Amino acid sequence: MKKVYEMDFLGRKLTVETGELAKQANGSVLVRYGDTVVLSVCVMGKNTITSDFFPLTVLYQEKLYSVGKIPGGFIKRESRPTDEATLAARIIDRPIRPMFDERLRNEIQVVNTILSVDQDNSPVMAALFGSSLCLGISNIPFDGPVSGVVVGKIGKEFIINPTVKQMEESTLNLTVAGTKDAICMVEAGAQQLSEKDMLEAIMFGHEHIKKLCEFQQQIIDEIGREKVVLPLAEVDEEVDKAVRNFATKDMLAAIQIKDKLEKYAAIDEVKERTIENFTEVYADDEEIELKLKDVKKVVDLIEGEEVRRLITEKKIRPDGRKMDEIRPLSGYIDLLPRTHGSAVFTRGETQSLATTTLGALGEHQVLDGLGIEDMKRFMLHYNFPQFSVGETGRYGAPGRREIGHGALGERALAQVMPSEEEFPYTVRVVSEILESNGSSSQATICAGCLSLMAAGVPIKAPVAGIAMGLITSNTSKKYTILTDIQGLEDHMGDMDFKVAGTKKGITALQMDIKIKGVTKNILKEALAQAKKARMEILDFMAGIIEEPREYLSPYAPKVEMFYIKPEKIKDVIGRGGEMITKIILEASGVNTVTDKDAVKVDLDDDGKVTIYHNSQEVIDRTREMIESVVKEVEDGAIYTGKIVKVEDFGCFVELWPGCEGLCHVSQLAHERINKPSDLFKVGDEIRVKALGFDNRGRLNLSRKDTLPIPAGKDIKEEKDSKKKDKKVKKDKKHE
């Protein structure tokens, strides 16, 4: 039976419909937010699986019909998710995952289908709301609800779920999610916002999240199904006790080894020795496979528990650092001679090689998604090869993690990138992770920033990033915030809180947690500790390169930008591109426009012309040719032109390429000329005066008016002029 629930959320209608669509799913809701419509459904597998992890999948399916578009390419249907869809799925996954018991082994899928998009009402926030609510009303065990909002900032005012126009003026783009009690996910890009303002924005968002959670709870209370009780992955008590007695002491020693590879080798040795021991112990047991599986689980638990206990109770980190201490830093620029910019940044055992490539504006990335933007001129891509952690593995298209880390780095650096007018290039930064022991996304930001400055990109300020961690005690309310977490602390910890920014303020923020939520005090402490670390890293980076270079690499394209009248663009392009092709070939001295040495020319509808080439001489030649095409004739001005055609009625004269006029036989000289070909030939240069255009748009020229008047003729012309003036006065008198 269909039910409809409505809420006025800050002047916009939020509507939930249930009971009509996708009724065979465990839970299904249609969420309408303005004209944005999202169908959110959840389904749970009937059988448990044998994996060692909770099998949750969150999908965000973009349908281009939702914005009235037909997909590009030959297939004309949606295929693999766009980066934006992948990032949206991550935004939904991160806050809802902690709300499940991680011991669940029934596969759960949450599918959001975007049916209609109103750009002023976020489909991502509608999908997050719908994901939580469909789980809440279903029989799937889920400890929600959760919800999220976008927070913008215009001047000193915070705005919830800003419109497209408001977001253009906003200095903040913050997505925050949480329950009615705590924050559980943060994602932000900001124009150097202070820690105080960022914390205030997060808490401002949480106040409105509470209202959305209350609305969900009302619906759940009315129509929610009773939650099923599912079998959980439990460990045999006897196995647990035996393994702890056997392995705890050796594991404690292993996790305190400072070197990563040596530490991990020692941990693996403890695990292998434990498995070997209990393989012998349970050799005659009929359930040996299940018991050995429990042995492995327990030894993994011991590792995590000991890391947690050492940090929270004894304030000892696995590598011996203080709680707020950064690992050793090193770095340099110009590793690669032929790239436009390159830098290596190393923090402990995490290392990023970043390169910067400059290209023409026409090389921007084309976006085929649901957003308003259809292109971007700054890109950051993150690659994580398996050798960076000393392992073999799959190589192929980037996964969700690589896309997410790249987007975070791009968001952090985009806030300080120069405008198109200041630096008319498409810019691509690529981070290759060569070594990893935690916080590789933040090493990417540091290396990427250094490579941009080495490439001569005039960024507004250097940016550095740091990853903070949180370890809570299992036995008390104590918690510890860690600066610059390494892999083991990230894996065993409760929070991964990444903060990037300049000396002035924050440019990007991302927080993921494994617990139900964090408080304002924890966030405040983490932000303060992150700021201290960021300042240390920025000081270190300044020792490598203090500010962007004032020159570009000799291998980077030079650029020149100027404006012509918009109506002249068609003349520069020519019929079928004939004129622009001619300009490119002649200016570059190449045979085809696809030649690597061909000059690049971008023409915008507003009349902006941008020219790129490694040679300034080629750029200058290209500009001269374009200016000659769009150059306009001034009435009465004198030009030197070349005769291109001789007829009995006069000569056609080219003033510059693309501009021709007729010098009539009567305008060739003061004396009468019977046959122009007797005096002139093609290729002759003559000086002519512009007489203007006739009513058919043809340019008239005069050679006669540039020549001295023959003796005696000037007296006759003066008399003729006086007669003409008398006649005009007489005519006016009669009028």
# chains A, B, ... in the order shown; residues from 1 in each chain; ligands from 1
$ closest_atom_pairs --of "stretch 595-697 of chain A" --to "stretch 351-365 of chain A" --cutoff "12 Å" --atoms "only C-alpha atoms" --output "Markdown table"
| residue | atom | partner | partner_atom | distance |
| --- | --- | --- | --- | --- |
| A:Val599 | CA | A:Ala360 | CA | 10.2 |
| A:Lys600 | CA | A:Ala360 | CA | 7.2 |
| A:Val601 | CA | A:Ala360 | CA | 8.3 |
| A:Asp602 | CA | A:Gly362 | CA | 6.3 |
| A:Leu603 | CA | A:Gly362 | CA | 9.0 |
| A:Asp604 | CA | A:Gly362 | CA | 9.9 |
| A:Lys608 | CA | A:Leu361 | CA | 11.5 |
| A:Val609 | CA | A:Leu361 | CA | 10.7 |
| A:Thr610 | CA | A:Leu361 | CA | 8.1 |
| A:Ile611 | CA | A:Ala360 | CA | 8.2 |
| A:Tyr612 | CA | A:Ala360 | CA | 6.5 |
| A:His613 | CA | A:Ala360 | CA | 9.2 |
| A:Asn614 | CA | A:Gly359 | CA | 11.1 |
$ residues_around --residues "A:Val67" --least-positions-apart "2" --cutoff "10 Å" --atoms "only C-alpha atoms" --output "count of residues only"
17
$ closest_residue --among "A:Gly11, A:Pro337, A:Gly34, A:Gly404" --to "A:Glu84" --atoms "only C-alpha atoms"
A:Gly404
$ select_by_dssp --residues "stretch 514-574 of chain A" --states "helix (DSSP H, G or I)" --output "VMD selection string"
chain A and resid 520 to 544 566 to 573
$ atom_distance --atom1 "atom CA of A:Ile302" --atom2 "atom CA of A:Met99"
23.7 Å
$ residues_around --residues "stretch 185-199 of chain A" --least-positions-apart "4" --cutoff "6 Å" --atoms "only C-alpha atoms" --output "MDAnalysis selection string"
chainID A and resid 95 171:177 411 415 504:512
$ select_by_dssp --residues "stretch 514-567 of chain A" --states "strand (DSSP E)" --output "MDAnalysis selection string"
chainID A and resid 558:563
$ write_last_selection --atoms "all heavy atoms" --output "PDB file, in the first residue's frame"
ATOM      1  N   LYS A 558      54.697  27.305 -24.797  1.00  0.00           N
ATOM      2  CA  LYS A 558      54.542  28.724 -24.470  1.00  0.00           C
ATOM      3  C   LYS A 558      53.111  29.118 -24.846  1.00  0.00           C
ATOM      4  O   LYS A 558      52.448  28.441 -25.627  1.00  0.00           O
ATOM      5  CB  LYS A 558      55.544  29.579 -25.240  1.00  0.00           C
ATOM      6  CG  LYS A 558      56.994  29.099 -25.169  1.00  0.00           C
ATOM      7  CD  LYS A 558      57.546  29.197 -23.784  1.00  0.00           C
ATOM      8  CE  LYS A 558      59.022  28.807 -23.726  1.00  0.00           C
ATOM      9  NZ  LYS A 558      59.295  27.412 -24.084  1.00  0.00           N
ATOM     10  N   VAL A 559      52.646  30.212 -24.311  1.00  0.00           N
ATOM     11  CA  VAL A 559      51.261  30.599 -24.558  1.00  0.00           C
ATOM     12  C   VAL A 559      51.148  32.098 -24.774  1.00  0.00           C
ATOM     13  O   VAL A 559      51.906  32.879 -24.192  1.00  0.00           O
ATOM     14  CB  VAL A 559      50.347  30.165 -23.379  1.00  0.00           C
ATOM     15  CG1 VAL A 559      50.732  30.885 -22.107  1.00  0.00           C
ATOM     16  CG2 VAL A 559      48.886  30.391 -23.694  1.00  0.00           C
ATOM     17  N   GLU A 560      50.246  32.471 -25.652  1.00  0.00           N
ATOM     18  CA  GLU A 560      49.912  33.878 -25.829  1.00  0.00           C
ATOM     19  C   GLU A 560      48.404  33.978 -25.984  1.00  0.00           C
ATOM     20  O   GLU A 560      47.789  33.180 -26.697  1.00  0.00           O
ATOM     21  CB  GLU A 560      50.623  34.455 -27.055  1.00  0.00           C
ATOM     22  CG  GLU A 560      50.432  35.955 -27.168  1.00  0.00           C
ATOM     23  CD  GLU A 560      51.600  36.638 -27.872  1.00  0.00           C
ATOM     24  OE1 GLU A 560      52.714  36.106 -27.856  1.00  0.00           O
ATOM     25  OE2 GLU A 560      51.361  37.707 -28.441  1.00  0.00           O
ATOM     26  N   MET A 561      47.817  34.943 -25.317  1.00  0.00           N
ATOM     27  CA  MET A 561      46.362  35.084 -25.323  1.00  0.00           C
ATOM     28  C   MET A 561      45.999  36.515 -25.671  1.00  0.00           C
ATOM     29  O   MET A 561      46.594  37.457 -25.149  1.00  0.00           O
ATOM     30  CB  MET A 561      45.806  34.705 -23.952  1.00  0.00           C
ATOM     31  CG  MET A 561      44.290  34.607 -23.900  1.00  0.00           C
ATOM     32  SD  MET A 561      43.740  33.856 -22.333  1.00  0.00           S
ATOM     33  CE  MET A 561      44.277  35.100 -21.161  1.00  0.00           C
ATOM     34  N   PHE A 562      45.047  36.687 -26.583  1.00  0.00           N
ATOM     35  CA  PHE A 562      44.561  38.016 -26.939  1.00  0.00           C
ATOM     36  C   PHE A 562      43.117  37.880 -27.411  1.00  0.00           C
ATOM     37  O   PHE A 562      42.595  36.759 -27.544  1.00  0.00           O
ATOM     38  CB  PHE A 562      45.442  38.661 -28.017  1.00  0.00           C
ATOM     39  CG  PHE A 562      45.535  37.887 -29.309  1.00  0.00           C
ATOM     40  CD1 PHE A 562      44.753  38.224 -30.400  1.00  0.00           C
ATOM     41  CD2 PHE A 562      46.421  36.817 -29.435  1.00  0.00           C
ATOM     42  CE1 PHE A 562      44.843  37.519 -31.594  1.00  0.00           C
ATOM     43  CE2 PHE A 562      46.519  36.112 -30.621  1.00  0.00           C
ATOM     44  CZ  PHE A 562      45.726  36.459 -31.703  1.00  0.00           C
ATOM     45  N   TYR A 563      42.480  39.011 -27.644  1.00  0.00           N
ATOM     46  CA  TYR A 563      41.068  39.005 -28.019  1.00  0.00           C
ATOM     47  C   TYR A 563      40.859  39.616 -29.403  1.00  0.00           C
ATOM     48  O   TYR A 563      41.564  40.557 -29.794  1.00  0.00           O
ATOM     49  CB  TYR A 563      40.234  39.775 -26.989  1.00  0.00           C
ATOM     50  CG  TYR A 563      40.030  39.032 -25.700  1.00  0.00           C
ATOM     51  CD1 TYR A 563      40.989  39.076 -24.691  1.00  0.00           C
ATOM     52  CD2 TYR A 563      38.891  38.262 -25.484  1.00  0.00           C
ATOM     53  CE1 TYR A 563      40.813  38.378 -23.498  1.00  0.00           C
ATOM     54  CE2 TYR A 563      38.700  37.568 -24.297  1.00  0.00           C
ATOM     55  CZ  TYR A 563      39.668  37.632 -23.313  1.00  0.00           C
ATOM     56  OH  TYR A 563      39.484  36.937 -22.146  1.00  0.00           O
TER      57      TYR A 563
END
$ residues_around --residues "stretch 540-555 of chain A" --least-positions-apart "4" --cutoff "10 Å" --atoms "only C-alpha atoms" --output "tab-separated table (two decimals) with C-alpha atoms, in the first residue's frame"
chain	number	residue	atom	x	y	z
A	329	LEU	CA	60.57	13.99	5.78
A	330	SER	CA	62.63	14.15	2.61
A	331	GLY	CA	62.03	15.48	-0.88
A	332	TYR	CA	63.40	17.17	-3.97
A	333	ILE	CA	62.31	18.48	-7.36
A	337	PRO	CA	64.33	16.15	-17.19
A	338	ARG	CA	61.62	16.06	-19.87
A	339	THR	CA	58.46	16.50	-17.80
A	340	HIS	CA	57.21	20.06	-17.27
A	341	GLY	CA	57.55	19.64	-13.50
A	343	ALA	CA	58.92	16.21	-7.43
A	345	PHE	CA	58.09	13.64	-1.45
A	357	THR	CA	52.03	18.44	-17.42
A	358	LEU	CA	50.87	21.66	-19.09
A	446	CYS	CA	52.66	17.52	-0.92
A	447	ALA	CA	54.46	16.05	-3.95
A	449	CYS	CA	52.21	20.92	-4.88
A	450	LEU	CA	56.01	20.78	-5.24
A	451	SER	CA	55.72	19.62	-8.86
A	452	LEU	CA	53.29	22.45	-9.67
A	453	MET	CA	55.73	25.03	-8.30
A	454	ALA	CA	58.63	23.38	-10.13
A	455	ALA	CA	56.60	23.61	-13.35
A	456	GLY	CA	56.08	27.34	-12.87
A	457	VAL	CA	52.33	27.17	-12.18
A	458	PRO	CA	51.57	30.37	-10.21
A	459	ILE	CA	49.58	28.78	-7.36
A	460	LYS	CA	48.26	31.16	-4.70
A	461	ALA	CA	50.04	29.37	-1.81
A	462	PRO	CA	51.77	26.03	-1.10
A	463	VAL	CA	49.53	23.22	0.19
A	464	ALA	CA	50.44	20.30	2.47
A	534	ARG	CA	50.77	21.05	8.52
A	535	MET	CA	52.87	24.07	9.45
A	536	GLU	CA	55.91	21.83	10.02
A	613	HIS	CA	53.83	26.25	-29.04
A	614	ASN	CA	57.31	25.56	-27.71
A	615	SER	CA	58.71	28.31	-29.98
$ residues_around --residues "stretch 144-161 of chain A" --least-positions-apart "6" --cutoff "9 Å" --atoms "only C-alpha atoms" --output "VMD selection string"
chain A and resid 10 95 to 96 99 to 100 120 to 122 125 to 126 128 to 133 135 to 136 167 169 to 180 184 to 185 201 to 202 204 to 206 208 to 210 212 to 214 216 to 217
$ write_last_selection --atoms "N, CA and C atoms" --output "compact mmCIF listing (two decimals), in the first residue's frame"
# COMPACT_ATOMS: atom_id res chain seq x y z
N LEU A 10 13.92 23.51 5.25
CA LEU A 10 14.47 24.84 4.95
C LEU A 10 13.85 25.44 3.68
N PRO A 95 29.30 6.64 5.63
CA PRO A 95 28.54 6.83 6.87
C PRO A 95 27.63 5.67 7.25
N ILE A 96 27.18 4.85 6.27
CA ILE A 96 26.26 3.78 6.65
C ILE A 96 26.98 2.51 7.08
N MET A 99 27.26 1.50 10.73
CA MET A 99 25.99 1.24 11.40
C MET A 99 25.57 -0.24 11.32
N PHE A 100 26.41 -1.08 10.74
CA PHE A 100 26.16 -2.52 10.70
C PHE A 100 27.13 -3.22 11.66
N ASP A 120 19.72 22.24 -8.37
CA ASP A 120 19.72 22.99 -7.11
C ASP A 120 19.45 22.10 -5.90
N ASN A 121 19.11 20.83 -6.15
CA ASN A 121 18.80 19.90 -5.04
C ASN A 121 19.62 18.62 -5.23
N SER A 122 20.63 18.47 -4.41
CA SER A 122 21.65 17.44 -4.58
C SER A 122 21.10 16.01 -4.65
N MET A 125 22.83 13.80 -1.84
CA MET A 125 22.25 13.89 -0.49
C MET A 125 20.90 13.17 -0.44
N ALA A 126 20.13 13.25 -1.53
CA ALA A 126 18.86 12.53 -1.59
C ALA A 126 19.10 11.03 -1.55
N LEU A 128 21.76 9.48 -0.19
CA LEU A 128 22.21 9.11 1.15
C LEU A 128 21.01 8.99 2.09
N PHE A 129 20.11 9.95 2.02
CA PHE A 129 18.88 9.92 2.82
C PHE A 129 18.08 8.66 2.48
N GLY A 130 17.91 8.38 1.18
CA GLY A 130 17.13 7.22 0.76
C GLY A 130 17.79 5.90 1.15
N SER A 131 19.13 5.83 1.08
CA SER A 131 19.84 4.60 1.45
C SER A 131 19.59 4.26 2.91
N SER A 132 19.73 5.27 3.77
CA SER A 132 19.50 5.06 5.20
C SER A 132 18.05 4.66 5.48
N LEU A 133 17.11 5.34 4.82
CA LEU A 133 15.70 5.09 5.11
C LEU A 133 15.25 3.72 4.60
N LEU A 135 17.02 1.08 4.34
CA LEU A 135 17.56 0.12 5.30
C LEU A 135 16.78 0.17 6.60
N GLY A 136 16.40 1.38 7.01
CA GLY A 136 15.68 1.56 8.27
C GLY A 136 14.33 0.89 8.29
N MET A 167 26.51 28.21 -4.68
CA MET A 167 27.78 27.49 -4.61
C MET A 167 28.88 28.21 -5.40
N GLU A 169 29.34 31.31 -5.42
CA GLU A 169 29.84 32.38 -4.54
C GLU A 169 30.45 31.83 -3.25
N SER A 170 30.23 30.55 -2.98
CA SER A 170 30.64 29.97 -1.70
C SER A 170 32.14 29.74 -1.63
N THR A 171 32.72 29.94 -0.44
CA THR A 171 34.13 29.65 -0.20
C THR A 171 34.30 28.28 0.43
N LEU A 172 33.19 27.55 0.57
CA LEU A 172 33.23 26.24 1.22
C LEU A 172 32.27 25.29 0.51
N ASN A 173 32.73 24.04 0.33
CA ASN A 173 31.85 22.98 -0.17
C ASN A 173 32.05 21.78 0.75
N LEU A 174 31.21 21.70 1.77
CA LEU A 174 31.37 20.71 2.83
C LEU A 174 30.20 19.73 2.80
N THR A 175 30.51 18.45 2.71
CA THR A 175 29.50 17.40 2.88
C THR A 175 29.73 16.75 4.23
N VAL A 176 28.70 16.76 5.06
CA VAL A 176 28.83 16.18 6.40
C VAL A 176 27.67 15.22 6.62
N ALA A 177 27.97 14.06 7.19
CA ALA A 177 26.94 13.06 7.48
C ALA A 177 27.06 12.62 8.93
N GLY A 178 25.93 12.17 9.47
CA GLY A 178 25.96 11.74 10.86
C GLY A 178 24.64 11.16 11.31
N THR A 179 24.62 10.73 12.55
CA THR A 179 23.40 10.27 13.20
C THR A 179 22.85 11.44 14.02
N LYS A 180 21.80 11.21 14.80
CA LYS A 180 21.27 12.29 15.64
C LYS A 180 22.22 12.62 16.79
N CYS A 184 29.73 11.23 11.53
CA CYS A 184 30.40 9.99 11.11
C CYS A 184 31.08 10.10 9.74
N MET A 185 30.95 11.21 9.03
CA MET A 185 31.66 11.37 7.77
C MET A 185 31.75 12.84 7.41
N ALA A 201 31.24 25.06 10.84
CA ALA A 201 30.44 24.62 9.69
C ALA A 201 29.98 23.18 9.87
N ILE A 202 30.88 22.33 10.37
CA ILE A 202 30.53 20.92 10.59
C ILE A 202 29.39 20.80 11.60
N PHE A 204 27.27 23.13 12.44
CA PHE A 204 26.07 23.75 11.85
C PHE A 204 25.34 22.72 10.98
N GLY A 205 26.10 21.98 10.19
CA GLY A 205 25.50 20.94 9.37
C GLY A 205 24.86 19.85 10.21
N HIS A 206 25.50 19.50 11.33
CA HIS A 206 24.97 18.42 12.17
C HIS A 206 23.62 18.78 12.79
N HIS A 208 21.25 20.32 11.41
CA HIS A 208 20.20 20.06 10.43
C HIS A 208 20.10 18.57 10.08
N ILE A 209 21.20 17.86 10.24
CA ILE A 209 21.17 16.41 10.07
C ILE A 209 20.23 15.78 11.09
N LYS A 210 20.24 16.31 12.30
CA LYS A 210 19.36 15.78 13.36
C LYS A 210 17.90 15.82 12.92
N LEU A 212 16.72 15.72 9.83
CA LEU A 212 16.47 14.71 8.80
C LEU A 212 16.41 13.31 9.42
N CYS A 213 17.23 13.06 10.43
CA CYS A 213 17.20 11.77 11.12
C CYS A 213 15.88 11.58 11.87
N GLU A 214 15.37 12.65 12.46
CA GLU A 214 14.08 12.59 13.17
C GLU A 214 12.95 12.25 12.19
N GLN A 216 13.25 10.59 9.35
CA GLN A 216 13.39 9.18 9.02
C GLN A 216 12.84 8.28 10.13
N GLN A 217 13.17 8.64 11.37
CA GLN A 217 12.75 7.80 12.50
C GLN A 217 11.23 7.73 12.62
$ residues_around --residues "stretch 430-439 of chain A" --least-positions-apart "2" --cutoff "7 Å" --atoms "only C-alpha atoms" --output "PyMOL selection string"
chain A and resi 349-356+380-385+388-389+428+441-444+448+467+485-487+490
$ closest_residue --among "A:Thr519, A:Pro657, A:Phe142, A:Gly650" --to "A:Met203" --atoms "only C-alpha atoms"
A:Thr519
$ residues_around --residues "A:Glu6" --least-positions-apart "4" --cutoff "7 Å" --atoms "only C-alpha atoms" --output "PyMOL selection string"
chain A and resi 13-16
